[in-house]
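Asker: Can you keep this structure in mind? I'll have questions shortly.
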Amino acid sequence: MYFYSMKEIKQFIENNNDRILNELFDLLKIKSVSADSNYKNEVKDAAIFLKNNFKEIGCDNIEIIETAGHPIVYAEKIISENAPTILVYGHYDVQPADPIELWDNPPFDPIIKKTKNHPNGAIYARGACDDKGQMFMHLKAFEFMKEFDKLKCNIKFMIEGEEEVGSLNLEKFLIENKNKLANDVILISDTGMIANDIPSITTGLRGLSYVEVEVTGPDRDLHSGLYGGTVANPINILSKMISSLHDENSKITIPGFYDKVSEMTEEERIEVSKIPFSKDNYQSEIGIDSTYGEAGYVTNERNSYRPTLDVNGIWGGYTGEGAKTVIPSKAFAKISMRLVPNQKSENITNLFNDHFKKIAPKGVKVKVTPHHGGEGYVTKTDSIEYLAAERAYLEAFGSKPIAQRSGGSIPIVPLFEKVLNSKSVLMGFGLDSDAIHSPNEHFGLFNFFKGIETIPLFYKHYFDLWQENKSK
Ligand code: BES
Ligand code: MN
Ligand code: MN
């Protein structure tokens, strides 16, 4: 049974448009960079902002829960023992803003500007899309449901401050608070969709292995004339080792790397081929004249169904002004591997470690340090939560959403399943072109408000499907 119409949500948004935007702007002004300990107080301020907003919108049992790292904000509204419970997860921490000089406007001074993909304007600020803007849609959707007495599901909010640094303290919190967090399904807006007129629901996330490597040659920098040609240069060696990690078909050469990878089925390849995709747009949006990648797969397969290995940073030796003739003592690199279902992060990290040490020539020492990682996740498309999301998008956007796996990672999502036995539904409203983690991150006004419209419809359809399911 329908218990409200689109008209009421649209009216709510229209009446409260400016206030809602002002609130989001205030949140975006807070420099909640979780990776940098200089911003510890600002991260806390963002948690306090949320606590206050939860109070204003009428949540109960609002708490700021301290962890060994940054705090978790919890709030809930329990309306009935006989209603389903939705746990909303999101994060209020953001990536560092640097390189700051590449921003057209200051990253923590939100501003609205029009873009090609957002002709009605987009909010420019670090965290606008990932994930403050998307997370905040849920508070405002709740506010609407509460104010108009449309709440049919219990809601629990769990908003963390450490997603961008690996959610290391959240797992412990899950284990210790299983009852408090008990739910029927977890709802997350921290992913993207295809285009503003092509809604999609994310049905997969990749896992992640992340390592830092250090190659050491001589115990100090040497004169490159006196020693040139007689010792292993760590940067030369590291470059060679890294380039050997892919073959001429861009396949990863680490023995065993693909052993557990589920090969795409013919049906999956057909589904992917139906996803609207313009190669020209894809290329021009990021300023390249050709895509590049694993032979035998198209771009939309390479970025979701296939695992990868990428150098994220590489350094060593002299990089200052002018020339300095040295053979450096050390070279470093940070390397990430995106993983797909059945690959295990720990196992891949071990395979990398063994292989990388094995391919090092005599004359250098190699150290491999693992960083945080996580497993991939795939959702079904015949669950009541997927169907509820599908109906919500259909109603809000006027077209059926496409199921699409994403290439990104949210390592806590598989842990929700493992620890809480909960499935997640990924209703993301960002676009790939929104520049998350990059300079000039932004989030479309259309996307923000469409999210606020779509979320209450999810609750409505979820409630109906849950009830149908129960009475079966
Ligand atoms: N929200 C992103 C992940 C994402 C973005 C998934 C777009 C799908 C589409 C999240 O905040 C993130 O950045 N995750 C990191 C991993 C984390 C361990 C730092 C990532 O994917 O690199
Ligand atoms: Mn995120
Ligand atoms: Mn992120």
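Ordering of the structure tokens sets the chain letters (A, B, ...); residue numbers start at 1 within each chain; ligands are numbered from 1 in the order shown.
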Would you list the contacts of Leu139 of chain A as a list of chain:residue names, taking every protein, DNA or RNA residue within 8 Å and counting only C-alpha atoms, but skipping same-chain residues closer than 4 positions in sequence?
Answerer: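 Listing them by chain and then by number gives A:Phe54, A:Ile57, A:Met135, A:Glu143.
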Asker: Quick one: write out the picked residues with N, CA and C atoms as an mmCIF file, in the first residue's frame?
Answerer:
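Done, and the output landed in out.cif:
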```cif
data_model
loop_
_atom_site.group_PDB
_atom_site.id
_atom_site.type_symbol
_atom_site.label_atom_id
_atom_site.label_comp_id
_atom_site.auth_asym_id
_atom_site.auth_seq_id
_atom_site.Cartn_x
_atom_site.Cartn_y
_atom_site.Cartn_z
ATOM 1 N N PHE A 54 20.953 15.241 14.399
ATOM 2 C CA PHE A 54 20.076 14.109 14.764
ATOM 3 C C PHE A 54 19.046 14.541 15.807
ATOM 4 N N ILE A 57 16.279 16.649 14.094
ATOM 5 C CA ILE A 57 15.323 15.927 13.243
ATOM 6 C C ILE A 57 14.514 14.900 14.030
ATOM 7 N N MET A 135 25.599 11.001 2.659
ATOM 8 C CA MET A 135 25.149 10.557 3.987
ATOM 9 C C MET A 135 24.054 11.489 4.513
ATOM 10 N N GLU A 143 14.093 13.233 8.235
ATOM 11 C CA GLU A 143 13.383 14.428 8.717
ATOM 12 C C GLU A 143 12.017 14.544 8.042
#
```
Asker: Run DSSP on the backbone and tell me which residues of segment 57-264 of chain A come out as strand (DSSP E); list them as an MDAnalysis selection string.
Answerer: chainID A and resid 60:65 72:77 85:91 111:113 122:124 154:160 185:188 200:205 207:216 222:223
Asker: Each residue of chain A with at least one atom at most 10 Å from ligand 1 should appear once, together with its nearest atom pair and the corresponding distance in Å (one decimal); atoms considered: only C-alpha atoms and all ligand atoms; ordering: chain, then increasing residue number; output as CSV.
Answerer:
```
residue,atom,partner,partner_atom_place_in_ligand_line,distance
A:Ala35,CA,ligand 1,19 (C),9.8
A:Gly90,CA,ligand 1,1 (N),9.0
A:His91,CA,ligand 1,11 (O),7.7
A:Tyr92,CA,ligand 1,11 (O),9.8
A:Asp93,CA,ligand 1,11 (O),8.8
A:Val94,CA,ligand 1,11 (O),7.8
A:Gln95,CA,ligand 1,13 (O),7.9
A:Gly127,CA,ligand 1,11 (O),9.3
A:Cys129,CA,ligand 1,1 (N),8.4
A:Asp130,CA,ligand 1,1 (N),5.5
A:Asp131,CA,ligand 1,1 (N),6.4
A:Gln134,CA,ligand 1,1 (N),9.6
A:Glu162,CA,ligand 1,19 (C),8.8
A:Glu163,CA,ligand 1,11 (O),6.1
A:Glu164,CA,ligand 1,19 (C),4.2
A:Val165,CA,ligand 1,19 (C),5.3
A:Gly166,CA,ligand 1,18 (C),4.2
A:Ser167,CA,ligand 1,18 (C),7.3
A:Leu168,CA,ligand 1,18 (C),9.4
A:Ile188,CA,ligand 1,1 (N),9.7
A:Ser189,CA,ligand 1,1 (N),8.2
A:Asp190,CA,ligand 1,1 (N),4.5
A:Thr191,CA,ligand 1,9 (C),3.7
A:Gly192,CA,ligand 1,9 (C),5.2
A:Met193,CA,ligand 1,9 (C),8.4
A:Thr202,CA,ligand 1,8 (C),7.8
A:Thr203,CA,ligand 1,8 (C),10.0
A:Gly204,CA,ligand 1,8 (C),8.5
A:Leu205,CA,ligand 1,8 (C),6.5
A:Arg206,CA,ligand 1,21 (O),7.9
A:Gly207,CA,ligand 1,21 (O),8.4
A:Leu208,CA,ligand 1,18 (C),7.3
A:Ser209,CA,ligand 1,18 (C),9.2
A:Tyr210,CA,ligand 1,18 (C),9.0
A:Ser304,CA,ligand 1,8 (C),9.9
A:Ser336,CA,ligand 1,22 (O),8.9
A:Arg338,CA,ligand 1,21 (O),8.6
A:His371,CA,ligand 1,18 (C),9.6
A:His372,CA,ligand 1,18 (C),6.8
A:Gly373,CA,ligand 1,18 (C),6.2
A:Gly374,CA,ligand 1,18 (C),7.1
A:Glu375,CA,ligand 1,18 (C),10.0
A:Arg405,CA,ligand 1,8 (C),8.5
A:Ser406,CA,ligand 1,8 (C),5.2
A:Gly407,CA,ligand 1,8 (C),6.1
A:Gly408,CA,ligand 1,6 (C),3.7
A:Ser409,CA,ligand 1,21 (O),3.7
A:Ile410,CA,ligand 1,14 (N),5.1
A:Pro411,CA,ligand 1,18 (C),6.0
A:Ile412,CA,ligand 1,18 (C),8.6
A:Leu426,CA,ligand 1,8 (C),9.0
A:Gly428,CA,ligand 1,9 (C),7.7
A:Phe429,CA,ligand 1,9 (C),9.6
A:Gly430,CA,ligand 1,7 (C),7.6
A:Leu431,CA,ligand 1,7 (C),8.3
A:Asp432,CA,ligand 1,7 (C),7.2
A:Asp434,CA,ligand 1,7 (C),9.7
A:Ala435,CA,ligand 1,7 (C),9.9
A:Ile436,CA,ligand 1,5 (C),7.5
A:His437,CA,ligand 1,13 (O),7.1
```
Asker: Kindly indicate which residue among A:Arg269, A:His118, A:Lys51, A:Arg126 lies nearest to ligand 3, using only C-alpha atoms and all ligand atoms for the distances.
Answerer: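 Among the listed residues, A:Arg126 lies closest to ligand 3.
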Asker: With only C-alpha atoms as the counted atoms, please give the residues lying no more than 6 Å from Phe157 of chain A, apart from itself and same-chain residues fewer than 2 positions off, as an NGL selection string.
Answerer: :A and (74-76 or 87-88)
Asker: Mind checking which residues fall within 9 Å of Lys113 of chain A, counting only C-alpha atoms, ignoring those fewer than 5 positions away in the same chain, and posting them as a PyMOL selection string?
Answerer: chain A and resi 118-124
Asker: Return as a PyMOL selection string the full set of residues in segment 177-362 of chain A whose backbone-based DSSP assignment is alpha helix (DSSP H).
Answerer: chain A and resi 234-243+266-274+279-285+299-302+345-358
Asker: List as a list of chain:residue names the protein and nucleic acid residues near segment 257-265 of chain A, meaning an atom at most 10 Å away when only C-alpha atoms are counted, but skip any in the same chain fewer than 4 places from it.
Answerer: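 Using only C-alpha atoms, the neighbours found are A:Lys251, A:Ile252, A:Thr253, A:Arg269, A:Ile270, A:Glu271, A:Glu301, A:Tyr305, A:Arg306, A:Pro307, A:Leu339, A:Val340, A:Pro341, A:Asn342, A:Gln343, A:Lys344, A:Asn347, A:Ile348, A:Thr349, A:Leu351, A:Phe352.
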Asker: Kindly indicate which residue among A:Lys367, A:Lys31, A:Lys423, A:Lys334 lies nearest to Val211 of chain A, using only C-alpha atoms for the distances.
Answerer: A:Lys334
Asker: Within 12 Å of segment 109-112 of chain A, counting only C-alpha atoms, which residues show up once you throw out same-chain ones fewer than 3 positions away? Write them as a VMD selection string, please.
Answerer: chain A and resid 21 to 31 97 103 to 106 115 118 to 129 133 440 to 446
Asker: Rank A:Ala323, A:Val413, A:Val366, A:Ile201 by their smallest atom-to-atom distance to ligand 2, using only C-alpha atoms and all ligand atoms, and report the top residue only.
Answerer: A:Val413
Asker: For each of A:Ile159, A:Ile286, A:Leu222, A:Leu174, take the minimum atom-to-atom distance to ligand 2, counting only C-alpha atoms and all ligand atoms, then give the residue where this is smallest.
Answerer: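 Closest residue, counting only C-alpha atoms and all ligand atoms: A:Ile159.
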Asker: When you count only C-alpha atoms and all ligand atoms, which of these residues is closest to ligand 3: A:Ile78, A:Ile9, A:Val364, A:Val33?
Answerer: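 Once distances to ligand 3 are computed over only C-alpha atoms and all ligand atoms, the minimum belongs to A:Val33.
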Asker: So that I can check the surroundings of Ser290 of chain A, please list as a ChimeraX atom specification every protein, DNA and RNA residue that reaches within 9 Å of it, counting only C-alpha atoms and ignoring chain neighbours fewer than 2 positions away.
Answerer: /A:279-280,283,288,292
Asker: Can you work out the spacing between atom CA of Asn236 of chain A and atom CA of Lys357 of chain A in Å, to one decimal?
Answerer: 15.8 Å
Asker: So how far away is atom CA of Glu8 of chain A from atom CA of Asp197 of chain A, in Å?
Answerer: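 Atom CA of Glu8 of chain A lies 22.1 Å from atom CA of Asp197 of chain A.
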